[in-house]
Amino acid sequence: MAYPAEASPVRAEIDLWAPGKQAGHLRVPYSRDDSGWGTIGIPIVIVANGEGPTLLLTAGNHGDEYEGQVTLLRLARAIEPAALAGRVIILPAMHYPAALAGTRKSPLDGKDFNRCFPGNPRGSFAEVLAHYVDTHLLPLCDAQMDLHSGGTGMDIVPSAVGHVLDDAGYMTKSLAMADAFGAPITLLLEEVNAGPTLLAAAEARGVVALSSELGGIGRLNPRGLAVTERGVRNVMKHLGMLDGVPEGEGSRRMTVPDMRHYVFAPHDGIWEAADALGATVAEGALAGRLHRIEAPLEPALALPYGAGGLLWCTRGPGRCRAGDPVAVVARDL
């Protein structure tokens, strides 16, 4: 069901159109037993100067992904209007309750925020916020980038991430922005349940958009942070918002085209990976072994790779559950 923009109960404390540098909150209603008119404030910074594109930069879509959050906090502090052509809207902790808790899902409603788009203004907290982003922020934008990493559960080679779409013109612009970002890999991903994501919402509105995966396993990865900080400024240079040209050595274009490139755990257990992240692997080779502590005399289950290529993503924690991806392989585009 589609809802009009004016239906959103979220209110911005700052003027989305004003020039200069502003910091404030998006006030999302959150009624409690002891506060019927309670709200939760989502931090927002807008820097605007003269003519130019509007770029929406978001991090903390999942609260346990840190490279993007730190990058956007640093950018918000450092960037001044005089250095900018256009407008940048920065949400460094977009799903603020999850960012405070350091969790993927919301501690308020149990929702995965990146599976709530295009949202619902009459729904739970995450759905109301997703609806506001989709109906009030995305329509302002020429470009958008949502900064992710592997969170607690996965470790991933730093990458800019997009989807394969039928619109050739859009794909050209998206890939150009990904090349400018300059991560080691630009990945076109056949994603598990991609439809309700912010990236898909931006694509549906014709906003040139990218996601990313920039590290993981619940830490702030120095390599991923460096790639993210350089990449965000590269995108702004690519769009003509900052002076200079994008820096870096280029990006390897790869794809995860189908589910054969995933290895899923068939039962609970302890995952013993056969290869390190970033290794070159072969179809049919051993991906790893799954150990069952409840069956001490039973041999560990050996799982093969369903496709060959680069080991792009690995399981972070040793313990996994049935259905978890324990390895994801990418191949050259």
# chains A, B, ... in the order shown; residues from 1 in each chain; ligands from 1
>>> closest_atom_pairs(of="stretch 54-125 of chain A", to="stretch 207-213 of chain A", cutoff="12 Å", atoms="only C-alpha atoms", output="Markdown table")
| residue | atom | partner | partner_atom | distance |
| --- | --- | --- | --- | --- |
| A:Thr54 | CA | A:Val207 | CA | 10.3 |
| A:Leu55 | CA | A:Val208 | CA | 9.6 |
| A:Leu56 | CA | A:Ala209 | CA | 9.3 |
| A:Leu57 | CA | A:Ala209 | CA | 10.0 |
| A:Thr58 | CA | A:Ser211 | CA | 9.6 |
| A:Ala59 | CA | A:Ser211 | CA | 10.1 |
| A:Asn61 | CA | A:Ser211 | CA | 10.8 |
| A:His62 | CA | A:Glu213 | CA | 11.8 |
| A:Glu65 | CA | A:Glu213 | CA | 9.3 |
| A:Tyr66 | CA | A:Glu213 | CA | 10.9 |
| A:Glu67 | CA | A:Glu213 | CA | 9.4 |
| A:Gly68 | CA | A:Ser212 | CA | 9.3 |
| A:Asn114 | CA | A:Ser211 | CA | 11.2 |
>>> write_last_selection(atoms="N, CA and C atoms", output="compact mmCIF listing (two decimals), in the first residue's frame")
# COMPACT_ATOMS: atom_id res chain seq x y z
N THR A 54 22.01 16.86 -4.59
CA THR A 54 21.75 16.48 -3.21
C THR A 54 22.11 15.01 -3.03
N LEU A 55 22.94 14.74 -2.02
CA LEU A 55 23.41 13.40 -1.71
C LEU A 55 22.95 13.03 -0.31
N LEU A 56 22.30 11.89 -0.18
CA LEU A 56 21.91 11.34 1.13
C LEU A 56 22.90 10.26 1.51
N LEU A 57 23.58 10.46 2.66
CA LEU A 57 24.53 9.49 3.18
C LEU A 57 23.98 8.92 4.47
N THR A 58 23.88 7.60 4.55
CA THR A 58 23.30 6.95 5.73
C THR A 58 24.22 5.86 6.25
N ALA A 59 24.25 5.72 7.57
CA ALA A 59 24.94 4.62 8.24
C ALA A 59 24.11 4.24 9.45
N ASN A 61 22.15 1.78 9.58
CA ASN A 61 20.94 1.08 9.18
C ASN A 61 20.80 -0.17 10.05
N HIS A 62 21.92 -0.84 10.24
CA HIS A 62 22.05 -1.89 11.26
C HIS A 62 23.01 -1.37 12.33
N GLU A 65 27.09 -2.22 12.80
CA GLU A 65 27.98 -2.00 11.65
C GLU A 65 28.58 -0.61 11.81
N TYR A 66 29.91 -0.54 12.00
CA TYR A 66 30.51 0.66 12.59
C TYR A 66 31.32 1.53 11.63
N GLU A 67 31.84 0.98 10.55
CA GLU A 67 32.69 1.77 9.66
C GLU A 67 31.96 2.99 9.12
N GLY A 68 30.72 2.79 8.69
CA GLY A 68 29.94 3.90 8.15
C GLY A 68 29.58 4.93 9.20
N ASN A 114 16.42 -2.58 7.58
CA ASN A 114 16.67 -2.67 6.14
C ASN A 114 15.78 -3.71 5.47
>>> closest_residue(among="A:Ala48, A:Gly169, A:Pro19, A:Asn221", to="A:Ser149", atoms="only C-alpha atoms")
A:Asn221
>>> closest_residue(among="A:Glu249, A:Arg205, A:Met154, A:Ala226", to="A:Gly318", atoms="only C-alpha atoms")
A:Met154
>>> closest_residue(among="A:Leu220, A:Val133, A:Leu73, A:Ala82", to="A:Val47", atoms="only C-alpha atoms")
A:Ala82
>>> select_by_dssp(residues="stretch 140-325 of chain A", states="strand (DSSP E)", output="VMD selection string")
chain A and resid 143 to 147 154 to 156 159 to 162 185 to 189 208 to 213 252 to 256 262 to 264 269 to 273 280 to 281 286 to 291 301 to 304 309 to 315 319 to 320 325
>>> closest_residue(among="A:Met259, A:Val227, A:Ala327, A:Val161", to="A:Ala276", atoms="only C-alpha atoms")
A:Ala327
>>> decode(residues="stretch 247-309 of chain A", atoms="C-alpha atoms", output="compact mmCIF listing (two decimals), in the first residue's frame")
# COMPACT_ATOMS: atom_id res chain seq x y z
CA GLU A 247 41.55 8.71 -5.46
CA GLY A 248 42.49 5.05 -5.46
CA GLU A 249 43.60 2.21 -7.67
CA GLY A 250 40.27 1.20 -9.18
CA SER A 251 37.78 -1.46 -8.23
CA ARG A 252 37.42 -5.08 -9.33
CA ARG A 253 33.91 -5.67 -10.69
CA MET A 254 32.42 -8.91 -9.43
CA THR A 255 29.05 -10.55 -8.96
CA VAL A 256 27.22 -13.03 -6.76
CA PRO A 257 24.71 -14.05 -9.44
CA ASP A 258 22.73 -16.84 -7.75
CA MET A 259 22.29 -18.98 -4.67
CA ARG A 260 24.92 -21.51 -5.84
CA HIS A 261 27.49 -18.96 -4.70
CA TYR A 262 26.25 -19.23 -1.08
CA VAL A 263 27.11 -22.03 1.33
CA PHE A 264 24.34 -22.49 3.92
CA ALA A 265 24.59 -24.46 7.15
CA PRO A 266 22.10 -27.38 7.04
CA HIS A 267 22.01 -27.67 10.83
CA ASP A 268 23.25 -25.89 13.94
CA GLY A 269 26.90 -26.27 14.80
CA ILE A 270 30.38 -24.79 15.05
CA TRP A 271 31.71 -23.65 11.68
CA GLU A 272 35.32 -24.47 10.81
CA ALA A 273 36.22 -22.57 7.63
CA ALA A 274 38.69 -24.14 5.23
CA ASP A 275 39.88 -20.84 3.75
CA ALA A 276 40.60 -17.28 4.85
CA LEU A 277 38.52 -14.34 3.66
CA GLY A 278 39.69 -13.20 0.21
CA ALA A 279 41.02 -16.62 -0.85
CA THR A 280 40.53 -17.97 -4.37
CA VAL A 281 38.38 -21.11 -4.15
CA ALA A 282 37.20 -23.78 -6.56
CA GLU A 283 33.75 -25.27 -7.18
CA GLY A 284 33.40 -28.54 -5.27
CA ALA A 285 36.37 -27.83 -3.00
CA LEU A 286 35.97 -28.03 0.76
CA ALA A 287 34.41 -24.84 2.15
CA GLY A 288 34.62 -26.06 5.74
CA ARG A 289 33.24 -28.42 8.33
CA LEU A 290 30.25 -28.13 10.66
CA HIS A 291 30.70 -29.69 14.10
CA ARG A 292 27.80 -30.88 16.30
CA ILE A 293 28.67 -30.80 19.98
CA GLU A 294 25.50 -32.74 20.82
CA ALA A 295 26.83 -35.73 18.82
CA PRO A 296 30.46 -36.10 19.96
CA LEU A 297 31.13 -39.33 18.02
CA GLU A 298 29.58 -38.10 14.79
CA PRO A 299 32.06 -36.88 12.14
CA ALA A 300 31.91 -33.20 11.27
CA LEU A 301 29.85 -32.47 8.15
CA ALA A 302 32.02 -31.38 5.21
CA LEU A 303 30.39 -28.71 3.01
CA PRO A 304 31.64 -27.92 -0.52
CA TYR A 305 31.62 -24.69 -2.47
CA GLY A 306 28.83 -24.61 -5.05
CA ALA A 307 30.79 -22.22 -7.27
CA GLY A 308 34.36 -21.04 -7.66
CA GLY A 309 35.80 -17.55 -7.36
